[in-house]
Amino acid sequence: MSRTPLDTVEHAAATPDVELPWAELGLKKDEYERIVEILGRRPTGAELAMYSVMWSEHCSYKSSKVHLRQFGEKAPENDALLVGIGENAGVVDVGQGYAVTFKVESHNHPSYVEPYQGAATGVGGIVRDIIAMGARPVAVVDPLRFGAADHPDTKRVLPGVVAGIGGYGNCLGLPNIGGEVVFDPCYQGNPLVNAGCIGVMRHEDIHLAKASGAGNKVILYGARTGGDGIGGASILASETFDDAKPSKRPAVQVGDPFQEKLLIECTLEAFKEKLVVGIQDLGAAGLSCATSELASNGSGGMRVTLDDVPLRDSTLSPEEILMSESQERMCAVVEPDKVDRFLEICAKWDVIATVIGEVTDGDRLEIFWHGEKIVDVDPRTVAHEGPVYERPYARPDWQDALQADDANKLPRPRTAEELKAQVLQLVASPNQASKKWITQQYDHFVQGNTVLAMPEDSGMIRIDEETGLGVAIATDGNGRYAKLDPYTGAQLALAEAYRNVAATGAKPLAVSDCLNFGSPEDPAVMWQFAEAVRGLADGCQQLGTPVTGGNVSLYNQTGEAAIHPTPVVAVLGVIDDVARRTPVAFQEEGQLLYLLGDTREEFGGSAWSQVVHDHLGGLPPKVDLERERLLAEILISASRDGMIDSAHDLSDGGLIQAVVESALLGGKGARLVVPDGLDAFTFLLSESAGRAIVAVPRSEELRFTDMCGARGLPATRIGVVDGDTIEVQGAFELSLDELREAHEGTIPALLA
Amino acid sequence: MARVVVDVMLKPEILDPQGQAVQRALPRLGFDGISDVRQGKRFELEVDGPVDEAALARIHDLAESFLANTVIEDFTVKVESGDVAAEAAK
């Protein structure tokens, strides 16, 4: 970009014919023309930098916006929702005066380029979103997707990502309580690194990002600004990066968790003293985003002196300062008479803080450099009125063939021996195997409030020591199901997360999502996206759990090949007393095992079809959200009234997977009887949704079955917790030792 | 036997939290006048046989693929003379 002479607003007006590198910055021709039309002249280099990052797919949601509206339009009535979609993160009332904010975001592309720092800064970014709402972060979760477990590049990406999440989160002192790890060749060149965070606050402490009141000061605080990730937002997230020229490859952002910890404490102290009018974290698009969003959410006017931004590298140009994605920075709007106190708090925490501008009574965002005006724009045109695309979408022509390739017709095990071998193969397969080797690298228990963490059905955190009030979170997403049918796949992800929360005894309240898809310029991908959003919005409406916010990540593809459509859904729930939680592990021998829900022959997209036949085809399991709601109510009531001692939801891998996990975690085996009307294979391996297994103490059996009967939920007694083997009567018996070796040996053997 | 030294430094535009921590500590300890600190890694490789172009090319390869993360780090390879190596060993 031209640095001599300085490309001021005046200069730009006088030199309309200067060619700017809009294409290199990821803008399309019509988008550039639109900018010229808005400004009535060509943009300056600095203005172009701002528009290009803010109008990128990543920041503007230009392809997804038209579909995402459904989350608002179909939002169910829900008294718990205090702040809805559109803010940094949604806020939910969890009772007793507490509010909880949570959100999931993606950091996919950076994590492929530099796994450690990409994943670490992903955690940092989502944590700052939560602080910006005025909440104290209390836990993080990480849904991850990698290529084939035995691919050499997975061995480069996965350990880096896991170490980055662990390194950053552990240093920050935040427990990591949930998430998933899934392997599939479709993620080989494009791993998905999603990160979620939960924050807690009192109702009165909710803060929104806005800058009102002329004369209020704009304070940038946190780390100095360097050349990190310049253009990362527009270039990395907007185009597939395999065709990026080396020169285009941006500098990777490096995180500093200790700085972030100071930022948390410093921000919360400033909030506590009510020093802050508006606040915004600096994530993608850095200062461009923070200034334009703060200004446009307020009255609109802001004047910023870029020379005052503390720099790590004095050679940065103003365009680079505006685009820099240096981590651990925040921007606050503070009334003039409170600035001194704000700066004092920052100094106390050893955080650099600088007044870089002020709110004006105009409606222009003006940015100065060396005394000259280099930006003069209406901030709304940068932040909110970017391009919106109605991208064409069409059901791909291969969809019918894919669905016709019925997995229920695959050859099934013919003998009990074969069934046994396949069960063993399944529990040892990378996706079904224990992820202990990965999750043990994260600190689950720091802060001392973790009640449940992986591999439980959902993570659970106590938020009040006296009353035992707690929140639970589960994230789920099955790209294979969504590939077969994106509408149903998204609802299955929602249903599974909802069920997982209920299985631990918590009441599901609200939803956040991270929608990972391929290129929106491909009509087939756009169709998948549209269907998944429609499915999720319909599902949330039916379950009464509103979507409070989330993130869309597009262009997840390598060359022409898109990833499986992967909507990852996080469900947040509340539990009045965490002492009433239900664990996955079998607790006591002699307890009765009940299967709740209906089992059908449903193998489309199943773990069995993948592991045994390397097959993906047919239809995913059917969704019945009314059934899910009933199942959840039963699980919650049973937990509250002490009728069940363990519960586990059934999902990929079917019943046997759940039983093996509960048995290994509890160190107690089980004897199973195949119920009437089912064959052993379907009983053990079908993936019908809306099911769970529970262990009922004998003394509670009657009360429990009466409750299920009265509410109309099928409950089938399938066996008993017993011994040190898992025995399926009339079929096979596997010792816990043998199962443990198979289940826990796989991941270390591949990755350690 | 000769010694080849590979110095690995974070690229100039990359944040160096360790270097910053050192730099912030200096004035507290009374050491003024240092405006920036960047911290790197030094590898000393004892090479069997002659350090010829082929050997250096090999070391360059191993530095690029293993010692340095070239996404965020730069490295330099330099040969220390046998004498220097011997000095250092004393």
# chains A, B, ... in the order shown; residues from 1 in each chain; ligands from 1

$ interface_residues --of "chain A" --to "chain B" --cutoff "12 Å" --atoms "only C-alpha atoms" --output "ChimeraX atom specification"
/A:110-118,156,160,223-230,246,249-260,311-316,320,324-328,350-352

$ write_last_selection --atoms "N, CA and C atoms" --output "short mmCIF file (atom, residue, chain, number, x, y, z; two decimals), in the first residue's frame"
data_model
loop_
_atom_site.label_atom_id
_atom_site.label_comp_id
_atom_site.auth_asym_id
_atom_site.auth_seq_id
_atom_site.Cartn_x
_atom_site.Cartn_y
_atom_site.Cartn_z
N PRO A 110 -6.43 -20.68 10.86
CA PRO A 110 -5.15 -20.42 11.54
C PRO A 110 -4.57 -21.69 12.17
N SER A 111 -5.44 -22.59 12.63
CA SER A 111 -4.94 -23.78 13.31
C SER A 111 -4.34 -24.79 12.36
N TYR A 112 -4.68 -24.67 11.09
CA TYR A 112 -4.03 -25.55 10.12
C TYR A 112 -2.64 -25.02 9.79
N VAL A 113 -2.53 -23.70 9.67
CA VAL A 113 -1.24 -23.08 9.33
C VAL A 113 -0.25 -23.26 10.48
N GLU A 114 -0.68 -22.95 11.68
CA GLU A 114 0.21 -23.04 12.85
C GLU A 114 -0.64 -23.59 14.00
N PRO A 115 -0.66 -24.93 14.14
CA PRO A 115 -1.61 -25.56 15.05
C PRO A 115 -1.57 -25.03 16.49
N TYR A 116 -0.37 -24.90 17.04
CA TYR A 116 -0.30 -24.49 18.45
C TYR A 116 -0.89 -23.10 18.64
N GLN A 117 -0.34 -22.13 17.91
CA GLN A 117 -0.76 -20.75 18.13
C GLN A 117 -2.19 -20.53 17.61
N GLY A 118 -2.55 -21.21 16.54
CA GLY A 118 -3.89 -21.07 16.01
C GLY A 118 -4.94 -21.48 17.05
N ARG A 156 0.89 -33.98 12.84
CA ARG A 156 1.43 -32.62 12.96
C ARG A 156 0.39 -31.70 13.59
N GLY A 160 -0.32 -30.32 18.06
CA GLY A 160 -0.14 -28.88 18.17
C GLY A 160 -1.39 -28.21 18.68
N ALA A 223 -2.25 -5.67 25.10
CA ALA A 223 -0.95 -5.80 24.45
C ALA A 223 -0.70 -4.68 23.44
N ARG A 224 0.56 -4.46 23.14
CA ARG A 224 0.90 -3.53 22.07
C ARG A 224 0.49 -4.13 20.73
N THR A 225 0.37 -3.26 19.73
CA THR A 225 -0.05 -3.70 18.41
C THR A 225 1.18 -4.01 17.56
N GLY A 226 1.21 -5.20 17.01
CA GLY A 226 2.31 -5.60 16.15
C GLY A 226 1.80 -6.05 14.79
N GLY A 227 2.67 -6.69 14.05
CA GLY A 227 2.29 -7.09 12.69
C GLY A 227 1.60 -8.44 12.62
N ASP A 228 0.91 -8.82 13.69
CA ASP A 228 0.30 -10.16 13.71
C ASP A 228 -0.90 -10.25 12.79
N GLY A 229 -0.93 -11.33 12.03
CA GLY A 229 -2.16 -11.68 11.30
C GLY A 229 -2.72 -10.55 10.48
N ILE A 230 -1.88 -9.73 9.91
CA ILE A 230 -2.41 -8.62 9.13
C ILE A 230 -3.17 -9.17 7.93
N PRO A 246 2.71 -17.29 -1.38
CA PRO A 246 3.45 -17.20 -0.13
C PRO A 246 3.44 -15.77 0.43
N ARG A 249 0.61 -14.98 2.61
CA ARG A 249 0.47 -15.68 3.88
C ARG A 249 0.74 -14.68 5.01
N PRO A 250 -0.23 -14.48 5.85
CA PRO A 250 -0.05 -13.45 6.87
C PRO A 250 0.77 -13.97 8.03
N ALA A 251 1.28 -13.04 8.79
CA ALA A 251 1.98 -13.44 9.99
C ALA A 251 0.98 -14.06 10.95
N VAL A 252 1.41 -15.12 11.60
CA VAL A 252 0.55 -15.82 12.54
C VAL A 252 0.48 -15.02 13.83
N GLN A 253 -0.72 -14.98 14.45
CA GLN A 253 -0.82 -14.32 15.75
C GLN A 253 -0.28 -15.26 16.81
N VAL A 254 0.43 -14.69 17.75
CA VAL A 254 0.92 -15.47 18.88
C VAL A 254 0.24 -14.97 20.13
N GLY A 255 -0.27 -15.90 20.90
CA GLY A 255 -1.01 -15.51 22.10
C GLY A 255 -0.12 -15.45 23.32
N ASP A 256 -0.56 -14.69 24.30
CA ASP A 256 0.14 -14.59 25.57
C ASP A 256 -0.90 -14.72 26.68
N PRO A 257 -1.12 -15.94 27.18
CA PRO A 257 -2.20 -16.16 28.15
C PRO A 257 -2.03 -15.37 29.43
N PHE A 258 -0.80 -15.06 29.81
CA PHE A 258 -0.62 -14.32 31.06
C PHE A 258 -1.12 -12.90 30.90
N GLN A 259 -0.90 -12.35 29.70
CA GLN A 259 -1.45 -11.02 29.40
C GLN A 259 -2.98 -11.07 29.43
N GLU A 260 -3.52 -12.15 28.89
CA GLU A 260 -4.98 -12.28 28.85
C GLU A 260 -5.56 -12.37 30.26
N LEU A 311 2.72 0.64 19.87
CA LEU A 311 3.17 -0.32 18.85
C LEU A 311 4.31 -1.18 19.35
N ARG A 312 4.34 -2.40 18.83
CA ARG A 312 5.47 -3.28 19.10
C ARG A 312 6.50 -3.10 18.00
N ASP A 313 6.04 -2.64 16.85
CA ASP A 313 6.91 -2.51 15.70
C ASP A 313 6.65 -1.11 15.11
N SER A 314 7.62 -0.22 15.27
CA SER A 314 7.39 1.18 14.93
C SER A 314 7.29 1.41 13.42
N THR A 315 7.58 0.39 12.62
CA THR A 315 7.54 0.59 11.18
C THR A 315 6.16 0.30 10.58
N LEU A 316 5.19 -0.05 11.42
CA LEU A 316 3.88 -0.39 10.88
C LEU A 316 3.23 0.82 10.21
N GLU A 320 -1.75 -1.09 8.32
CA GLU A 320 -1.40 -2.31 9.06
C GLU A 320 -1.87 -2.23 10.51
N SER A 324 -4.19 -5.05 12.03
CA SER A 324 -3.45 -5.99 12.86
C SER A 324 -4.38 -6.79 13.76
N GLU A 325 -4.06 -8.07 13.90
CA GLU A 325 -4.86 -8.92 14.78
C GLU A 325 -4.06 -9.32 16.01
N SER A 326 -3.19 -8.43 16.46
CA SER A 326 -2.46 -8.72 17.69
C SER A 326 -3.45 -9.10 18.78
N GLN A 327 -3.08 -10.10 19.55
CA GLN A 327 -4.00 -10.66 20.54
C GLN A 327 -4.00 -9.85 21.83
N GLU A 328 -4.90 -10.22 22.70
CA GLU A 328 -4.97 -9.68 24.06
C GLU A 328 -5.11 -8.17 24.09
N ASP A 350 -0.68 -3.92 35.47
CA ASP A 350 0.46 -3.95 34.55
C ASP A 350 -0.01 -4.08 33.10
N VAL A 351 -1.15 -3.46 32.82
CA VAL A 351 -1.71 -3.52 31.47
C VAL A 351 -1.52 -2.14 30.83
N ILE A 352 -0.95 -2.10 29.65
CA ILE A 352 -0.76 -0.83 28.96
C ILE A 352 -2.11 -0.30 28.52
#

$ residues_around --residues "Ala495 in chain A" --least-positions-apart "2" --cutoff "10 Å" --atoms "only C-alpha atoms" --output "PDB file with N, CA and C atoms, in the first residue's frame"
ATOM      1  N   ASP A 476     -22.075 -30.941  20.340  1.00  0.00           N
ATOM      2  CA  ASP A 476     -22.163 -32.107  19.468  1.00  0.00           C
ATOM      3  C   ASP A 476     -22.324 -31.681  18.022  1.00  0.00           C
ATOM      4  N   GLY A 477     -21.939 -32.569  17.148  1.00  0.00           N
ATOM      5  CA  GLY A 477     -22.094 -32.321  15.724  1.00  0.00           C
ATOM      6  C   GLY A 477     -21.615 -33.550  14.995  1.00  0.00           C
ATOM      7  N   GLY A 489     -29.448 -33.602   9.989  1.00  0.00           N
ATOM      8  CA  GLY A 489     -28.143 -33.653  10.654  1.00  0.00           C
ATOM      9  C   GLY A 489     -27.996 -32.550  11.686  1.00  0.00           C
ATOM     10  N   ALA A 490     -28.445 -31.341  11.334  1.00  0.00           N
ATOM     11  CA  ALA A 490     -28.347 -30.234  12.283  1.00  0.00           C
ATOM     12  C   ALA A 490     -29.245 -30.486  13.481  1.00  0.00           C
ATOM     13  N   GLN A 491     -30.447 -31.045  13.223  1.00  0.00           N
ATOM     14  CA  GLN A 491     -31.348 -31.329  14.336  1.00  0.00           C
ATOM     15  C   GLN A 491     -30.817 -32.453  15.210  1.00  0.00           C
ATOM     16  N   LEU A 492     -30.116 -33.413  14.588  1.00  0.00           N
ATOM     17  CA  LEU A 492     -29.525 -34.497  15.379  1.00  0.00           C
ATOM     18  C   LEU A 492     -28.422 -33.953  16.286  1.00  0.00           C
ATOM     19  N   ALA A 493     -27.655 -32.978  15.770  1.00  0.00           N
ATOM     20  CA  ALA A 493     -26.610 -32.369  16.595  1.00  0.00           C
ATOM     21  C   ALA A 493     -27.249 -31.654  17.789  1.00  0.00           C
ATOM     22  N   ALA A 497     -26.858 -32.808  21.803  1.00  0.00           N
ATOM     23  CA  ALA A 497     -26.335 -31.918  22.839  1.00  0.00           C
ATOM     24  C   ALA A 497     -27.382 -31.694  23.923  1.00  0.00           C
ATOM     25  N   TYR A 498     -28.625 -31.552  23.503  1.00  0.00           N
ATOM     26  CA  TYR A 498     -29.755 -31.359  24.425  1.00  0.00           C
ATOM     27  C   TYR A 498     -29.882 -32.568  25.361  1.00  0.00           C
ATOM     28  N   ARG A 499     -29.804 -33.743  24.761  1.00  0.00           N
ATOM     29  CA  ARG A 499     -29.905 -34.989  25.499  1.00  0.00           C
ATOM     30  C   ARG A 499     -28.730 -35.150  26.461  1.00  0.00           C
ATOM     31  N   ASN A 500     -27.537 -34.757  25.985  1.00  0.00           N
ATOM     32  CA  ASN A 500     -26.349 -34.880  26.828  1.00  0.00           C
ATOM     33  C   ASN A 500     -26.459 -34.009  28.078  1.00  0.00           C
ATOM     34  N   VAL A 501     -27.009 -32.811  27.896  1.00  0.00           N
ATOM     35  CA  VAL A 501     -27.176 -31.920  29.046  1.00  0.00           C
ATOM     36  C   VAL A 501     -28.180 -32.536  30.022  1.00  0.00           C
ATOM     37  N   LEU A 536     -31.833 -26.327  12.224  1.00  0.00           N
ATOM     38  CA  LEU A 536     -31.474 -25.923  13.579  1.00  0.00           C
ATOM     39  C   LEU A 536     -32.492 -24.923  14.123  1.00  0.00           C
ATOM     40  N   GLY A 539     -35.647 -26.727  14.915  1.00  0.00           N
ATOM     41  CA  GLY A 539     -35.432 -27.580  16.090  1.00  0.00           C
ATOM     42  C   GLY A 539     -35.420 -26.770  17.377  1.00  0.00           C
ATOM     43  N   CYS A 540     -34.734 -25.621  17.343  1.00  0.00           N
ATOM     44  CA  CYS A 540     -34.654 -24.787  18.544  1.00  0.00           C
ATOM     45  C   CYS A 540     -36.027 -24.256  18.915  1.00  0.00           C
ATOM     46  N   LEU A 543     -37.907 -27.143  20.565  1.00  0.00           N
ATOM     47  CA  LEU A 543     -37.423 -27.521  21.893  1.00  0.00           C
ATOM     48  C   LEU A 543     -37.500 -26.358  22.880  1.00  0.00           C
ATOM     49  N   VAL A 569     -23.242 -27.857  17.603  1.00  0.00           N
ATOM     50  CA  VAL A 569     -24.245 -27.202  18.442  1.00  0.00           C
ATOM     51  C   VAL A 569     -23.851 -27.340  19.912  1.00  0.00           C
ATOM     52  N   VAL A 571     -25.296 -26.790  23.710  1.00  0.00           N
ATOM     53  CA  VAL A 571     -26.492 -26.537  24.514  1.00  0.00           C
ATOM     54  C   VAL A 571     -26.056 -26.271  25.946  1.00  0.00           C
ATOM     55  N   VAL A 623     -35.409 -37.977  13.552  1.00  0.00           N
ATOM     56  CA  VAL A 623     -35.444 -37.097  14.715  1.00  0.00           C
ATOM     57  C   VAL A 623     -36.877 -36.955  15.183  1.00  0.00           C
ATOM     58  N   ASP A 624     -37.074 -37.072  16.493  1.00  0.00           N
ATOM     59  CA  ASP A 624     -38.386 -36.797  17.072  1.00  0.00           C
ATOM     60  C   ASP A 624     -38.142 -35.884  18.270  1.00  0.00           C
ATOM     61  N   LEU A 625     -38.300 -34.584  18.047  1.00  0.00           N
ATOM     62  CA  LEU A 625     -37.918 -33.639  19.089  1.00  0.00           C
ATOM     63  C   LEU A 625     -38.870 -33.671  20.277  1.00  0.00           C
ATOM     64  N   ARG A 627     -40.110 -36.365  21.463  1.00  0.00           N
ATOM     65  CA  ARG A 627     -39.577 -37.479  22.226  1.00  0.00           C
ATOM     66  C   ARG A 627     -38.328 -37.036  22.996  1.00  0.00           C
ATOM     67  N   GLU A 628     -37.482 -36.237  22.337  1.00  0.00           N
ATOM     68  CA  GLU A 628     -36.260 -35.764  23.010  1.00  0.00           C
ATOM     69  C   GLU A 628     -36.624 -34.955  24.248  1.00  0.00           C
ATOM     70  N   ARG A 629     -37.665 -34.144  24.093  1.00  0.00           N
ATOM     71  CA  ARG A 629     -38.066 -33.299  25.207  1.00  0.00           C
ATOM     72  C   ARG A 629     -38.596 -34.143  26.379  1.00  0.00           C
ATOM     73  N   ALA A 689     -32.019 -42.102  17.453  1.00  0.00           N
ATOM     74  CA  ALA A 689     -31.888 -40.967  18.368  1.00  0.00           C
ATOM     75  C   ALA A 689     -32.929 -41.074  19.479  1.00  0.00           C
ATOM     76  N   GLY A 690     -32.875 -40.141  20.402  1.00  0.00           N
ATOM     77  CA  GLY A 690     -33.870 -40.091  21.466  1.00  0.00           C
ATOM     78  C   GLY A 690     -33.771 -41.229  22.454  1.00  0.00           C
TER      79      GLY A 690
END

$ residues_around --residues "Gln20 in chain B" --least-positions-apart "6" --cutoff "9 Å" --atoms "only C-alpha atoms" --output "list in words"
Asp36, Val37, Arg38 and Gln39 of chain B

$ select_by_dssp --residues "range 495-720 of chain A" --states "strand (DSSP E or B)" --output "PyMOL selection string"
chain A and resi 507-516+547-553+557-558+561-562+566-575+592-596+646-649+670-672+692-696+715-720

$ write_last_selection --atoms "C-alpha atoms" --output "PDB file, in the first residue's frame"
ATOM      1  CA  LYS A 507     -32.336 -28.491  32.228  1.00  0.00           C
ATOM      2  CA  PRO A 508     -31.403 -27.351  28.700  1.00  0.00           C
ATOM      3  CA  LEU A 509     -31.919 -23.599  28.295  1.00  0.00           C
ATOM      4  CA  ALA A 510     -30.214 -22.131  25.257  1.00  0.00           C
ATOM      5  CA  VAL A 511     -28.093 -22.854  22.225  1.00  0.00           C
ATOM      6  CA  SER A 512     -24.949 -21.501  20.615  1.00  0.00           C
ATOM      7  CA  ASP A 513     -23.626 -22.863  17.355  1.00  0.00           C
ATOM      8  CA  CYS A 514     -20.564 -22.962  15.194  1.00  0.00           C
ATOM      9  CA  LEU A 515     -21.514 -23.695  11.608  1.00  0.00           C
ATOM     10  CA  ASN A 516     -18.578 -25.106   9.658  1.00  0.00           C
ATOM     11  CA  VAL A 547     -29.987 -19.662  19.654  1.00  0.00           C
ATOM     12  CA  THR A 548     -28.198 -16.903  21.556  1.00  0.00           C
ATOM     13  CA  GLY A 549     -25.317 -16.411  19.160  1.00  0.00           C
ATOM     14  CA  GLY A 550     -22.585 -18.240  17.437  1.00  0.00           C
ATOM     15  CA  ASN A 551     -20.291 -18.231  14.527  1.00  0.00           C
ATOM     16  CA  VAL A 552     -20.184 -19.235  10.874  1.00  0.00           C
ATOM     17  CA  SER A 553     -17.041 -20.586   9.284  1.00  0.00           C
ATOM     18  CA  GLN A 557     -12.334 -26.924   1.893  1.00  0.00           C
ATOM     19  CA  THR A 558      -9.265 -28.206   0.150  1.00  0.00           C
ATOM     20  CA  ALA A 561     -13.542 -30.790  -1.961  1.00  0.00           C
ATOM     21  CA  ALA A 562     -15.608 -29.297   0.853  1.00  0.00           C
ATOM     22  CA  THR A 566     -20.526 -29.723  10.190  1.00  0.00           C
ATOM     23  CA  PRO A 567     -22.923 -27.735  12.346  1.00  0.00           C
ATOM     24  CA  VAL A 568     -21.569 -27.938  15.876  1.00  0.00           C
ATOM     25  CA  VAL A 569     -24.245 -27.202  18.442  1.00  0.00           C
ATOM     26  CA  ALA A 570     -23.633 -26.245  22.052  1.00  0.00           C
ATOM     27  CA  VAL A 571     -26.492 -26.537  24.514  1.00  0.00           C
ATOM     28  CA  LEU A 572     -26.334 -24.836  27.886  1.00  0.00           C
ATOM     29  CA  GLY A 573     -28.347 -26.141  30.798  1.00  0.00           C
ATOM     30  CA  VAL A 574     -28.909 -25.266  34.430  1.00  0.00           C
ATOM     31  CA  ILE A 575     -29.051 -27.511  37.499  1.00  0.00           C
ATOM     32  CA  LEU A 592     -30.886 -52.394  36.809  1.00  0.00           C
ATOM     33  CA  LEU A 593     -30.160 -51.138  33.344  1.00  0.00           C
ATOM     34  CA  TYR A 594     -33.021 -49.564  31.448  1.00  0.00           C
ATOM     35  CA  LEU A 595     -33.015 -48.499  27.848  1.00  0.00           C
ATOM     36  CA  LEU A 596     -35.197 -45.436  27.305  1.00  0.00           C
ATOM     37  CA  SER A 646     -26.006 -43.190  36.232  1.00  0.00           C
ATOM     38  CA  ALA A 647     -27.156 -42.204  32.780  1.00  0.00           C
ATOM     39  CA  HIS A 648     -25.564 -42.138  29.364  1.00  0.00           C
ATOM     40  CA  ASP A 649     -26.998 -40.874  26.130  1.00  0.00           C
ATOM     41  CA  ALA A 670     -22.890 -55.574  32.820  1.00  0.00           C
ATOM     42  CA  ARG A 671     -25.063 -58.458  31.768  1.00  0.00           C
ATOM     43  CA  LEU A 672     -27.320 -57.531  28.879  1.00  0.00           C
ATOM     44  CA  ALA A 692     -30.427 -43.194  26.812  1.00  0.00           C
ATOM     45  CA  ILE A 693     -29.462 -45.953  29.200  1.00  0.00           C
ATOM     46  CA  VAL A 694     -29.916 -45.468  32.911  1.00  0.00           C
ATOM     47  CA  ALA A 695     -28.925 -47.510  35.945  1.00  0.00           C
ATOM     48  CA  VAL A 696     -31.773 -47.740  38.458  1.00  0.00           C
ATOM     49  CA  ALA A 715     -38.456 -48.004  29.104  1.00  0.00           C
ATOM     50  CA  THR A 716     -37.093 -51.500  28.539  1.00  0.00           C
ATOM     51  CA  ARG A 717     -35.178 -53.432  31.144  1.00  0.00           C
ATOM     52  CA  ILE A 718     -32.093 -54.673  29.320  1.00  0.00           C
ATOM     53  CA  GLY A 719     -29.862 -56.019  32.055  1.00  0.00           C
ATOM     54  CA  VAL A 720     -27.982 -55.444  35.237  1.00  0.00           C
TER      55      VAL A 720
END

$ closest_residue --among "A:Asp641, A:Asp406, A:Asp205, A:Glu77" --to "Thr101 in chain A" --atoms "only C-alpha atoms"
A:Asp205

$ residues_around --residues "range 175-189 of chain A" --least-positions-apart "2" --cutoff "6 Å" --atoms "only C-alpha atoms" --output "ChimeraX atom specification"
/A:139-149,191,431,443-446,453-454,459,475,558,563

$ residues_around --residues "Pro50 in chain B" --least-positions-apart "6" --cutoff "10 Å" --atoms "only C-alpha atoms" --output "list in words"
Met1, Ala2 and Leu56 of chain B

$ closest_residue --among "A:Thr682, A:Ser639, A:Thr439, A:Gln280" --to "Asp129 in chain A" --atoms "only C-alpha atoms"
A:Gln280
